[in-house]
>>> print(open('target_3.txt').read())   # compact mmCIF, C-alpha atoms and all ligand atoms
# COMPACT_ATOMS: atom_id res chain seq x y z
CA MET A 1 4.88 -1.12 10.30
CA PHE A 2 5.45 1.78 12.68
CA TYR A 3 4.97 5.47 12.00
CA ASP A 4 4.87 8.29 14.52
CA ASP A 5 1.43 9.76 15.04
CA LEU A 6 0.92 12.87 12.90
CA SER A 7 3.99 12.20 10.73
CA PRO A 8 3.50 12.53 6.96
CA TYR A 9 2.13 9.36 5.36
CA THR A 10 4.71 7.56 3.24
CA TYR A 11 3.51 3.95 3.24
CA TRP A 12 2.16 4.15 -0.27
CA ALA A 13 3.78 6.25 -2.97
CA ALA A 14 2.46 9.79 -2.97
CA ASP A 15 1.74 9.83 -6.69
CA ALA A 16 -0.22 6.58 -6.48
CA GLY A 17 -2.93 8.33 -4.50
CA ASP A 18 -5.52 6.62 -2.32
CA VAL A 19 -7.94 4.03 -3.68
CA PHE A 20 -11.37 4.01 -2.01
CA THR A 21 -13.42 0.86 -2.49
CA GLU A 22 -17.19 1.06 -2.33
CA VAL A 23 -18.12 -1.08 0.66
CA GLY A 24 -20.97 -3.40 -0.23
CA THR A 25 -20.39 -3.86 -3.93
CA GLY A 26 -16.59 -3.94 -3.78
CA THR A 27 -16.63 -3.17 -7.47
CA ARG A 28 -16.38 0.60 -7.59
CA PHE A 29 -13.11 2.35 -6.96
CA VAL A 30 -12.28 5.99 -6.60
CA THR A 31 -8.69 7.15 -6.80
CA VAL A 32 -7.83 10.32 -4.95
CA ARG A 33 -4.61 12.13 -5.77
CA ASP A 34 -3.24 15.37 -4.40
CA ALA A 35 -6.55 16.22 -2.75
CA TYR A 36 -5.18 16.33 0.77
CA ARG A 37 -2.07 16.00 2.88
CA ARG A 38 -2.02 12.67 4.73
CA LEU A 39 -1.01 12.37 8.39
CA ASN A 40 -0.36 9.00 10.04
CA VAL A 41 -2.37 7.92 13.05
CA GLY A 42 -2.34 4.55 14.81
CA TRP A 43 0.49 2.68 13.09
CA LEU A 44 1.56 0.84 16.24
CA GLU A 45 4.24 -1.71 16.95
CA ALA A 46 5.03 -3.51 20.18
CA ASP A 47 8.56 -2.19 20.62
CA ARG A 48 7.69 1.45 19.93
CA PRO A 49 6.06 3.80 22.44
CA TRP A 50 2.40 4.65 22.08
CA THR A 51 -0.13 6.42 24.26
CA ALA A 52 -2.78 4.55 26.23
CA GLY A 53 -5.82 6.08 27.84
CA PRO A 54 -9.60 6.19 27.94
CA VAL A 55 -11.46 7.47 24.87
CA PRO A 56 -14.93 9.02 24.74
CA ALA A 57 -17.61 6.37 24.12
CA ARG A 58 -18.91 8.38 21.18
CA PHE A 59 -15.45 8.33 19.61
CA ALA A 60 -15.24 4.53 19.92
CA SER A 61 -18.66 4.00 18.36
CA GLY A 62 -17.96 6.58 15.65
CA LEU A 63 -14.66 4.91 14.80
CA LEU A 64 -16.31 1.49 14.53
CA ALA A 65 -19.02 2.89 12.27
CA LEU A 66 -16.38 4.52 10.10
CA LEU A 67 -14.41 1.27 9.83
CA GLU A 68 -17.59 -0.48 8.69
CA ALA A 69 -18.29 2.13 6.05
CA GLN A 70 -14.89 2.86 4.55
CA ALA A 71 -12.20 0.84 2.77
CA VAL A 72 -9.04 2.50 1.46
CA ASN A 73 -5.99 0.91 -0.22
CA GLU A 74 -7.24 -2.60 0.45
CA ALA A 75 -4.85 -4.15 -2.05
CA LEU A 76 -1.92 -3.59 0.26
CA GLY A 77 -2.53 -6.84 2.13
CA LEU A 78 -3.21 -8.12 5.60
CA HIS A 79 -1.82 -6.32 8.65
CA GLU A 80 -1.53 -8.37 11.81
CA CYS A 81 -1.51 -6.87 15.28
CA ASP A 82 1.95 -6.80 16.77
CA LEU A 83 0.68 -6.01 20.28
CA CYS A 84 -1.28 -9.22 20.78
CA PRO A 85 0.73 -11.80 22.71
CA GLU A 86 0.97 -14.58 20.15
CA PRO A 87 -0.01 -15.21 16.55
CA LEU A 88 -3.37 -16.82 16.02
CA ASP A 89 -3.31 -20.40 14.87
CA ASP A 90 -4.29 -21.04 11.29
CA ALA A 91 -7.72 -22.37 12.25
CA HIS A 92 -8.80 -18.97 13.57
CA PRO A 93 -10.29 -16.81 10.79
CA TRP A 94 -8.27 -13.59 10.56
CA TYR A 95 -11.45 -11.47 10.52
CA GLU A 96 -12.81 -12.94 13.78
CA PRO A 97 -11.87 -11.17 17.03
CA ARG A 98 -9.88 -13.13 19.59
CA PRO A 99 -11.81 -14.32 22.64
CA GLY A 100 -12.54 -11.29 24.82
CA HIS A 101 -11.75 -8.84 22.04
CA ARG A 102 -14.17 -6.62 20.12
CA CYS A 103 -12.22 -6.25 16.88
CA ALA A 104 -10.17 -8.64 14.78
CA SER A 105 -6.42 -8.53 15.36
CA ALA A 106 -5.75 -8.60 11.63
CA GLY A 107 -7.14 -6.33 8.97
CA THR A 108 -6.77 -5.11 5.43
CA GLY A 109 -6.49 -1.60 4.23
CA GLU A 110 -6.82 1.77 5.84
CA ILE A 111 -9.23 4.59 6.57
CA ARG A 112 -9.18 8.32 5.86
CA VAL A 113 -10.68 10.90 8.18
CA PRO A 114 -10.87 14.51 7.01
CA GLY A 115 -9.10 16.92 9.33
CA ALA A 116 -8.17 20.56 8.88
CA PRO A 117 -8.78 21.87 5.33
CA GLY A 118 -6.46 20.06 2.93
CA THR A 119 -5.62 17.36 5.48
CA ALA A 120 -6.78 13.79 6.07
CA TYR A 121 -5.68 11.34 8.73
CA ALA A 122 -4.39 7.99 7.43
CA ALA A 123 -4.94 5.10 9.82
CA PRO A 124 -4.73 1.33 9.37
CA SER A 125 -8.00 -0.58 9.70
CA LEU A 126 -6.50 -2.15 12.81
CA ILE A 127 -6.92 1.14 14.65
CA GLY A 128 -10.30 -0.07 15.92
CA HIS A 129 -8.61 -3.09 17.51
CA TYR A 130 -5.86 -0.90 18.98
CA VAL A 131 -8.37 1.47 20.57
CA LEU A 132 -10.95 -1.05 21.79
CA ASP A 133 -8.77 -4.01 22.69
CA HIS A 134 -5.43 -2.44 23.64
CA GLY A 135 -6.52 0.94 25.04
CA TYR A 136 -4.68 3.06 22.46
CA LEU A 137 -5.45 6.76 22.79
CA PRO A 138 -4.98 8.53 19.43
CA PRO A 139 -3.95 12.20 19.23
CA ARG A 140 -6.64 14.61 20.34
CA GLU A 141 -7.01 16.13 16.88
CA PHE A 142 -7.81 12.70 15.42
CA VAL A 143 -10.39 12.04 18.14
CA ASP A 144 -11.97 15.41 17.36
CA ALA A 145 -11.91 14.67 13.61
CA VAL A 146 -13.75 11.37 14.09
CA LEU A 147 -16.30 13.03 16.37
CA ALA A 148 -16.86 15.74 13.76
CA PHE A 149 -17.03 13.33 10.82
CA GLY A 150 -20.50 12.90 9.41
CA LEU A 151 -20.81 9.47 7.84
CA ARG A 152 -23.49 10.77 5.51
CA ASP A 153 -21.19 13.34 4.02
CA ARG A 154 -20.70 12.47 0.38
CA SER A 155 -19.17 14.39 -2.41
CA ALA A 156 -21.70 16.13 -4.59
CA ALA A 157 -19.73 14.70 -7.50
CA PHE A 158 -20.66 11.11 -6.57
CA PRO A 159 -24.23 11.16 -5.28
CA SER A 160 -24.94 7.54 -6.19
CA PHE A 161 -21.84 6.08 -4.60
CA ALA A 162 -21.98 4.47 -1.19
CA PHE A 163 -18.89 6.18 0.14
CA PRO A 164 -18.99 7.82 3.53
CA TRP A 165 -16.81 10.63 2.27
CA MET A 166 -15.13 11.74 -0.93
CA PRO A 167 -12.80 14.68 -1.21
CA ASP A 168 -12.99 16.93 -4.23
CA GLY A 169 -10.71 16.02 -7.10
CA ALA A 170 -11.21 12.25 -7.06
CA THR A 171 -10.89 10.10 -10.20
CA VAL A 172 -13.51 7.40 -10.64
CA TYR A 173 -12.87 3.90 -11.83
CA ASP A 174 -16.20 2.13 -12.10
CA ALA A 175 -15.77 -1.61 -12.65
CA LEU A 176 -19.55 -1.99 -12.88
CA ASN A 177 -19.49 -0.25 -16.24
CA GLU A 178 -16.29 -1.65 -17.71
ZN ZN B 1 -3.82 -6.89 19.23
>>> encode(input="target_3.txt", output="structure tokens", more="lines below")
Ligand SMILES: [Zn+2]
Amino acid sequence: MFYDDLSPYTYWAADAGDVFTEVGTGTRFVTVRDAYRRLNVGWLEADRPWTAGPVPARFASGLLALLEAQAVNEALGLHECDLCPEPLDDAHPWYEPRPGHRCASAGTGEIRVPGAPGTAYAAPSLIGHYVLDHGYLPPREFVDAVLAFGLRDRSAAFPSFAFPWMPDGATVYDALNE
């Protein structure tokens, strides 16, 4: 799955919105539709050009914290890294990093990082692996957005939910109360 950095997100139908899963319980879902414009970041493939370079340490740690705290569109399945030299054998759990790597080379779902007003960056969960294990340098505006992102920011509309961020205009599906 390759998309140019900062191109409009088209992986999932626009009218389907984004589904945020509450990390921890895994039983609360918030659907967000039309709340922001989505821009792709970090959808890499081996045969397509991408930018390598050093990233600020604070960006790397902030990105890892964000990946721990957020889960978006998890139902879309497992993405495997196309940049790693060979597929892992079946005995290697997909969520365990390869030897010498910091992040797993397969992942589910995506993350959203708020950018300019009305905009959110849409990155695959594998972006942590791309940055930390392959030296991927995302666009500067994405680096700045992660640095500016406060993980404690929560929508006033959902004070009890353990989401790192919720845009206005989200629709709640609460499986705990169904
Ligand atoms: Zn890889």
>>> closest_residue(input="target_3.txt", among="A:Ile127, A:Asp144, A:Asp4, A:Thr31", to="Arg58 (chain A)", atoms="all atoms listed in the file")
A:Asp144
>>> residues_around(input="target_3.txt", residues="Val172 (chain A)", least_positions_apart="5", cutoff="9 Å", atoms="only C-alpha atoms", output="number ranges by chain")
A: 28-32
>>> closest_residue(input="target_3.txt", among="A:Pro159, A:Pro117, A:Pro139, A:Pro99", to="ligand ZN 1 (chain B)", atoms="only C-alpha atoms and all ligand atoms")
A:Pro99
>>> residues_around(input="target_3.txt", residues="Leu78 (chain A)", least_positions_apart="3", cutoff="8 Å", atoms="only C-alpha atoms", output="list in words")
Ala106, Gly107, Thr108 and Gly109 of chain A
>>> closest_residue(input="target_3.txt", among="A:Arg37, A:Arg140, A:Arg98, A:His79", to="Pro124 (chain A)", atoms="all atoms listed in the file")
A:His79
>>> residues_around(input="target_3.txt", residues="Glu22 (chain A)", least_positions_apart="2", cutoff="9 Å", atoms="only C-alpha atoms", output="JSON, numbers by chain")
{"A": [20, 24, 25, 26, 27, 28, 29, 30, 69, 70, 71, 161, 162, 163]}
>>> write_last_selection(input="target_3.txt", atoms="C-alpha atoms", output="short mmCIF file (atom, residue, chain, number, x, y, z; two decimals), keeping the file's coordinate frame")
data_model
loop_
_atom_site.label_atom_id
_atom_site.label_comp_id
_atom_site.auth_asym_id
_atom_site.auth_seq_id
_atom_site.Cartn_x
_atom_site.Cartn_y
_atom_site.Cartn_z
CA PHE A 20 -11.37 4.01 -2.01
CA GLY A 24 -20.97 -3.40 -0.23
CA THR A 25 -20.39 -3.86 -3.93
CA GLY A 26 -16.59 -3.94 -3.78
CA THR A 27 -16.63 -3.17 -7.47
CA ARG A 28 -16.38 0.60 -7.59
CA PHE A 29 -13.11 2.35 -6.96
CA VAL A 30 -12.28 5.99 -6.60
CA ALA A 69 -18.29 2.13 6.05
CA GLN A 70 -14.89 2.86 4.55
CA ALA A 71 -12.20 0.84 2.77
CA PHE A 161 -21.84 6.08 -4.60
CA ALA A 162 -21.98 4.47 -1.19
CA PHE A 163 -18.89 6.18 0.14
#
>>> residues_near_ligand(input="target_3.txt", ligand="ligand ZN 1 (chain B)", cutoff="8 Å", atoms="all atoms listed in the file", output="list in words")
Glu80, Cys81, Asp82, Leu83, Cys84, Pro85, Ala104, Ser105, His129, Tyr130, Asp133 and His134 of chain A
>>> residues_near_point(input="target_3.txt", point="(-6.6, 16.2, 5.0)", cutoff="8 Å", atoms="all atoms listed in the file", output="number ranges by chain")
A: 35-39, 113-121
>>> closest_residue(input="target_3.txt", among="A:Ala16, A:Met1, A:Leu6, A:Leu67", to="Thr171 (chain A)", atoms="all atoms listed in the file")
A:Ala16
>>> closest_residue(input="target_3.txt", among="A:Pro49, A:Pro56, A:Gly17, A:Pro8", to="Val131 (chain A)", atoms="only C-alpha atoms")
A:Pro56
>>> atom_distance(input="target_3.txt", atom1="CA of Phe2 (chain A)", atom2="CA of Ala123 (chain A)")
11.3 Å
>>> atom_distance(input="target_3.txt", atom1="CA of Ser7 (chain A)", atom2="CA of Trp50 (chain A)")
13.7 Å
>>> residues_around(input="target_3.txt", residues="Ser61 (chain A)", least_positions_apart="5", cutoff="10 Å", atoms="only C-alpha atoms", output="MDAnalysis selection string")
chainID A and resid 56 66:67 128 132 146:147
>>> closest_residue(input="target_3.txt", among="A:Ala60, A:Val55, A:Asn40, A:Arg33", to="Asp18 (chain A)", atoms="only C-alpha atoms")
A:Arg33
>>> atom_distance(input="target_3.txt", atom1="CA of Glu96 (chain A)", atom2="CA of Leu64 (chain A)")
14.9 Å
>>> axis_aligned_box(input="target_3.txt", around="region 28-40 of chain A", padding_each_side="8 Å", output="lines of an AutoDock Vina configuration file")
center_x = -8.4
center_y = 8.5
center_z = 1.2
size_x = 32.0
size_y = 31.7
size_z = 33.6
>>> residues_around(input="target_3.txt", residues="Gly150 (chain A)", least_positions_apart="5", cutoff="10 Å", atoms="only C-alpha atoms", output="count of residues only")
5
>>> build_atoms(input="target_3.txt", residues="region 99-117 of chain A", atoms="N, CA and C atoms", output="PDB file, keeping the file's coordinate frame")
ATOM      1  N   PRO A  99     -10.912 -14.276  21.481  1.00  0.00           N
ATOM      2  CA  PRO A  99     -11.810 -14.320  22.640  1.00  0.00           C
ATOM      3  C   PRO A  99     -11.571 -13.106  23.551  1.00  0.00           C
ATOM      4  N   GLY A 100     -12.658 -12.457  23.944  1.00  0.00           N
ATOM      5  CA  GLY A 100     -12.540 -11.290  24.820  1.00  0.00           C
ATOM      6  C   GLY A 100     -12.237  -9.994  24.100  1.00  0.00           C
ATOM      7  N   HIS A 101     -12.021 -10.038  22.806  1.00  0.00           N
ATOM      8  CA  HIS A 101     -11.750  -8.840  22.040  1.00  0.00           C
ATOM      9  C   HIS A 101     -12.978  -8.415  21.240  1.00  0.00           C
ATOM     10  N   ARG A 102     -13.042  -7.123  20.906  1.00  0.00           N
ATOM     11  CA  ARG A 102     -14.170  -6.620  20.120  1.00  0.00           C
ATOM     12  C   ARG A 102     -13.870  -6.544  18.635  1.00  0.00           C
ATOM     13  N   CYS A 103     -12.586  -6.403  18.293  1.00  0.00           N
ATOM     14  CA  CYS A 103     -12.220  -6.250  16.880  1.00  0.00           C
ATOM     15  C   CYS A 103     -11.158  -7.283  16.511  1.00  0.00           C
ATOM     16  N   ALA A 104     -11.162  -7.674  15.259  1.00  0.00           N
ATOM     17  CA  ALA A 104     -10.170  -8.640  14.780  1.00  0.00           C
ATOM     18  C   ALA A 104      -8.767  -8.073  14.924  1.00  0.00           C
ATOM     19  N   SER A 105      -7.804  -8.960  15.183  1.00  0.00           N
ATOM     20  CA  SER A 105      -6.420  -8.530  15.360  1.00  0.00           C
ATOM     21  C   SER A 105      -5.634  -8.560  14.046  1.00  0.00           C
ATOM     22  N   ALA A 106      -6.352  -8.739  12.956  1.00  0.00           N
ATOM     23  CA  ALA A 106      -5.750  -8.600  11.630  1.00  0.00           C
ATOM     24  C   ALA A 106      -6.752  -7.852  10.759  1.00  0.00           C
ATOM     25  N   GLY A 107      -6.235  -7.101   9.817  1.00  0.00           N
ATOM     26  CA  GLY A 107      -7.140  -6.330   8.970  1.00  0.00           C
ATOM     27  C   GLY A 107      -6.486  -5.946   7.667  1.00  0.00           C
ATOM     28  N   THR A 108      -7.308  -5.581   6.703  1.00  0.00           N
ATOM     29  CA  THR A 108      -6.770  -5.110   5.430  1.00  0.00           C
ATOM     30  C   THR A 108      -7.074  -3.638   5.284  1.00  0.00           C
ATOM     31  N   GLY A 109      -6.198  -2.962   4.631  1.00  0.00           N
ATOM     32  CA  GLY A 109      -6.490  -1.600   4.230  1.00  0.00           C
ATOM     33  C   GLY A 109      -6.407  -0.573   5.341  1.00  0.00           C
ATOM     34  N   GLU A 110      -6.984   0.578   5.016  1.00  0.00           N
ATOM     35  CA  GLU A 110      -6.820   1.770   5.840  1.00  0.00           C
ATOM     36  C   GLU A 110      -8.124   2.553   5.840  1.00  0.00           C
ATOM     37  N   ILE A 111      -8.129   3.627   6.622  1.00  0.00           N
ATOM     38  CA  ILE A 111      -9.230   4.590   6.570  1.00  0.00           C
ATOM     39  C   ILE A 111      -8.654   5.996   6.400  1.00  0.00           C
ATOM     40  N   ARG A 112      -9.524   6.901   5.952  1.00  0.00           N
ATOM     41  CA  ARG A 112      -9.180   8.320   5.860  1.00  0.00           C
ATOM     42  C   ARG A 112     -10.229   9.108   6.625  1.00  0.00           C
ATOM     43  N   VAL A 113      -9.767  10.029   7.439  1.00  0.00           N
ATOM     44  CA  VAL A 113     -10.680  10.900   8.180  1.00  0.00           C
ATOM     45  C   VAL A 113     -10.292  12.337   7.884  1.00  0.00           C
ATOM     46  N   PRO A 114     -11.221  13.123   7.324  1.00  0.00           N
ATOM     47  CA  PRO A 114     -10.870  14.510   7.010  1.00  0.00           C
ATOM     48  C   PRO A 114     -10.565  15.303   8.264  1.00  0.00           C
ATOM     49  N   GLY A 115      -9.486  16.078   8.202  1.00  0.00           N
ATOM     50  CA  GLY A 115      -9.100  16.920   9.330  1.00  0.00           C
ATOM     51  C   GLY A 115      -9.208  18.385   8.948  1.00  0.00           C
ATOM     52  N   ALA A 116      -8.189  19.150   9.274  1.00  0.00           N
ATOM     53  CA  ALA A 116      -8.170  20.560   8.880  1.00  0.00           C
ATOM     54  C   ALA A 116      -8.231  20.626   7.351  1.00  0.00           C
ATOM     55  N   PRO A 117      -8.682  21.769   6.797  1.00  0.00           N
ATOM     56  CA  PRO A 117      -8.780  21.870   5.330  1.00  0.00           C
ATOM     57  C   PRO A 117      -7.486  21.422   4.646  1.00  0.00           C
TER      58      PRO A 117
END
